[in-house]
Amino acid sequence: MKTLSASLVAATLAASAADAQERPAGRIAPPDVYVVAPGLGDYTDNLLFGDVWLRKELAPRDRSIVTVSALIASGRIAQVGGHVSRALDNGVTPGEIGEIITHLAFYSGWPNAISTVQATKGVFDRRGIGEVEASTAEPLELNAAAEAARAATVDDAVAPAAPALAAYTNRVLFGDLWRRPGLSGRDRSLVTIAALLASGDVDQLPFHVKQGLDNGLTQTEVAEVPTHLTFYAGWPKAMAAMPALRAAFEEQAAGGSSGAAIRVQKYDPAKSTTGSSDHFTGSVRVESSFKADEPARVGGGTVHFEAGARTAWHTHPLGQTLIVTAGKGLVQQWREPIEEIEPGDVVWIPPGVKHWHGASPTADMTHVAVAEALDGEAVEWLEHVSDEQYPK
């Protein structure tokens with residue numbers, strides 16, 4: 001604790017040498033704190049630097065990265081210099097400091113980044129650190145499947161309204177910045193998570209927490225970020241991040257990730273449901289229903305129709321595919337003849353086409369139904385198929 005205190009007096013709190021000499025042994029906060037807010041002084045000495053900074057869940061180097069990132073993102077530039085100095089003591093290289101600032105220009109804005117450069121230059125000058133050279137290593141390789149999914153989401157959600165923003169996001173932010181070799185993918189995730197939490201941008205956290213886990217952060221390390229930053233960004237922002245962390249941890253425990261992980265959904269007959277009488281006539285059972293994770297829009301299930309059972313008339317905004325697996329069935333497009341379908345048959349229903357499908361009058365039928373959603377909706381239900389419309 002004495003070694004930590006001595007270092008933090010001079011570096012972390014950015015005090016002058018004279019101020020440090022005036023502090024009694026064991027005190028870390030600036031002298032004025034004990035005059036104005038003695039309780040804050042005690043918490044600073046005994047809780048923040050006497051406990052939180054000593055926790056083993058994050059290495060001192062990582063705590064410095066998290067703290068510097070949070071201060072930059074929240075515009076607390078006056079505190080940056082001291083913590084940059086502390087980060088250098090904890091093993092963060094000058095080049096990595098520069099990459100953190102560069103990275104956060106995209107997440108907290110150019111003004112914060114430029115102001116941070118000025119504060120950091122003073123630290124470098126005092127330590128005799130010269131011009132930082134850009135890394136000449138090969139660009140980092142990103143997970144191809146995860147990148148394809150992310151780019152598809154940007155193209156779907158951003159490009160229709162702001163095509164240039166979508167292009168910069170795909171080409172510059174992830175196509176270049178996240179691949180810069182001066183900072184590892186793991187550390188970039190740590191920087192980004194800390195910055196988003198400190199700025200209160202929790203809507204972006206779920207993606208970046210999952211990406212951080214894929215980039216090598218452990219759940220323990222991710223969970224320690226809001227724990228540490230309660231003391232730098234405040235309790236409300238830390239607590240607001242909890243749903244994103246919990247969802248990402250649960251997804252990882254279930255075997256999912258933002259990468260190309262295979263997930264097997266086991267058949268469970270107890271989860272089958274009865275087709276609603278609002279949408280079906282007769283006895284219908286829906287089994288093995290599924291819905292893919294975003295950005296995919298596909299969903300469906302295995303549907304069993306007892307003899308004489310059928311759907312109501314309906315349409316699909318992006319069409320539907322039926323694969324008959326058992327029995328004998330029927331399908332009809334509005335004002336067109338009824339067609340028989342048997343095991344192995346594949347039926348394609350185009351978008352917007354009014355139709356129904358179901359079992360024949362004398363035999364059960366089972367098919368797998370697959371459809372994509374448009375704006376969250378995969379089907380529009382219409383009137384029932386009347387007894388007169390259904391064959392005898």
# chains A, B, ... in the order shown; residues from 1 in each chain; ligands from 1
>>> residues_around(residues="Ala241 (chain A)", least_positions_apart="3", cutoff="7 Å", atoms="only C-alpha atoms", output="list in words")
Leu197, Val202, Lys237, Ala238, Ala244 and Leu245 of chain A
>>> residues_around(residues="Ala195 (chain A)", least_positions_apart="4", cutoff="9 Å", atoms="only C-alpha atoms", output="list in words")
Val66, Ser69, Ala70, Leu71, Ile72, Ala73, Ser74, Leu104, Tyr107, Ser108, Leu190, Val191, Ser199, Gly200 and Asp201 of chain A
>>> write_last_selection(atoms="C-alpha atoms", output="mmCIF file, in the first residue's frame")
data_model
loop_
_atom_site.group_PDB
_atom_site.id
_atom_site.type_symbol
_atom_site.label_atom_id
_atom_site.label_comp_id
_atom_site.auth_asym_id
_atom_site.auth_seq_id
_atom_site.Cartn_x
_atom_site.Cartn_y
_atom_site.Cartn_z
ATOM 1 C CA VAL A 66 -10.234 1.779 -18.112
ATOM 2 C CA SER A 69 -10.675 5.880 -21.293
ATOM 3 C CA ALA A 70 -13.490 6.872 -18.941
ATOM 4 C CA LEU A 71 -11.930 10.268 -18.218
ATOM 5 C CA ILE A 72 -11.477 11.014 -21.921
ATOM 6 C CA ALA A 73 -15.002 9.890 -22.802
ATOM 7 C CA SER A 74 -16.589 11.965 -20.055
ATOM 8 C CA LEU A 104 -11.736 7.425 -28.535
ATOM 9 C CA TYR A 107 -16.330 7.208 -29.682
ATOM 10 C CA SER A 108 -16.225 10.438 -27.679
ATOM 11 C CA LEU A 190 -11.784 -2.641 -22.918
ATOM 12 C CA VAL A 191 -11.359 0.992 -24.016
ATOM 13 C CA SER A 199 -20.605 8.499 -21.273
ATOM 14 C CA GLY A 200 -23.879 6.717 -20.503
ATOM 15 C CA ASP A 201 -24.260 5.303 -24.033
#
>>> closest_residue(among="A:Met239, A:Leu177, A:Val36, A:Ala149", to="Ala105 (chain A)", atoms="only C-alpha atoms")
A:Leu177
>>> select_by_dssp(residues="region 176-340 of chain A", states="helix (DSSP H, G or I)", output="ChimeraX atom specification")
/A:177-179,185-199,202-214,219-229,235-240,242-253,269-271
>>> write_last_selection(atoms="C-alpha atoms", output="compact mmCIF listing (two decimals), in the first residue's frame")
# COMPACT_ATOMS: atom_id res chain seq x y z
CA LEU A 177 -9.61 1.75 -36.83
CA TRP A 178 -10.43 -1.58 -35.15
CA ARG A 179 -7.71 -3.25 -37.21
CA GLY A 185 -8.48 -6.18 -30.07
CA ARG A 186 -8.94 -7.09 -26.41
CA ASP A 187 -7.66 -3.70 -25.26
CA ARG A 188 -9.76 -1.85 -27.86
CA SER A 189 -12.82 -3.61 -26.45
CA LEU A 190 -11.78 -2.64 -22.92
CA VAL A 191 -11.36 0.99 -24.02
CA THR A 192 -14.71 1.04 -25.80
CA ILE A 193 -16.70 -0.59 -22.99
CA ALA A 194 -15.23 1.85 -20.46
CA ALA A 195 -15.94 4.84 -22.70
CA LEU A 196 -19.53 3.85 -23.42
CA LEU A 197 -20.24 3.21 -19.76
CA ALA A 198 -18.67 6.50 -18.66
CA SER A 199 -20.61 8.50 -21.27
CA VAL A 202 -25.61 1.97 -22.80
CA ASP A 203 -27.52 1.25 -26.04
CA GLN A 204 -24.18 0.42 -27.66
CA LEU A 205 -22.92 -1.75 -24.79
CA PRO A 206 -24.53 -5.14 -25.66
CA PHE A 207 -22.65 -5.43 -28.95
CA HIS A 208 -19.34 -4.28 -27.49
CA VAL A 209 -19.57 -6.49 -24.39
CA LYS A 210 -20.16 -9.53 -26.62
CA GLN A 211 -17.33 -8.42 -28.90
CA GLY A 212 -15.07 -7.96 -25.88
CA LEU A 213 -15.76 -11.51 -24.72
CA ASP A 214 -14.96 -12.74 -28.23
CA GLN A 219 -16.58 -12.21 -17.71
CA THR A 220 -14.75 -11.34 -14.49
CA GLU A 221 -12.76 -8.61 -16.24
CA VAL A 222 -15.82 -7.18 -17.99
CA ALA A 223 -17.80 -7.16 -14.72
CA GLU A 224 -14.96 -5.33 -12.98
CA VAL A 225 -15.15 -2.41 -15.45
CA PRO A 226 -18.43 -0.97 -14.06
CA THR A 227 -17.30 -1.89 -10.54
CA HIS A 228 -14.17 0.23 -11.03
CA LEU A 229 -15.97 3.02 -12.86
CA TRP A 235 -23.23 4.63 -9.56
CA PRO A 236 -26.18 5.43 -11.92
CA LYS A 237 -24.10 4.88 -15.07
CA ALA A 238 -22.59 1.69 -13.68
CA MET A 239 -26.00 0.31 -12.75
CA ALA A 240 -27.43 1.25 -16.16
CA MET A 242 -25.99 -4.14 -15.87
CA PRO A 243 -28.69 -5.35 -18.33
CA ALA A 244 -26.17 -5.34 -21.19
CA LEU A 245 -23.60 -7.29 -19.18
CA ARG A 246 -26.13 -9.80 -17.93
CA ALA A 247 -27.53 -10.45 -21.43
CA ALA A 248 -24.04 -10.95 -22.89
CA PHE A 249 -23.02 -13.30 -20.08
CA GLU A 250 -26.21 -15.35 -20.46
CA GLU A 251 -25.67 -15.59 -24.21
CA GLN A 252 -22.10 -16.76 -23.73
CA ALA A 253 -23.23 -19.34 -21.17
CA PRO A 269 -42.11 -32.03 -27.12
CA ALA A 270 -43.12 -30.24 -23.94
CA LYS A 271 -42.57 -26.92 -25.71
>>> atom_distance(atom1="CA of Arg285 (chain A)", atom2="CA of Asp387 (chain A)")
20.5 Å
>>> closest_residue(among="A:Ala87, A:Ala371, A:Ala148, A:Ala164", to="Ala59 (chain A)", atoms="only C-alpha atoms")
A:Ala87
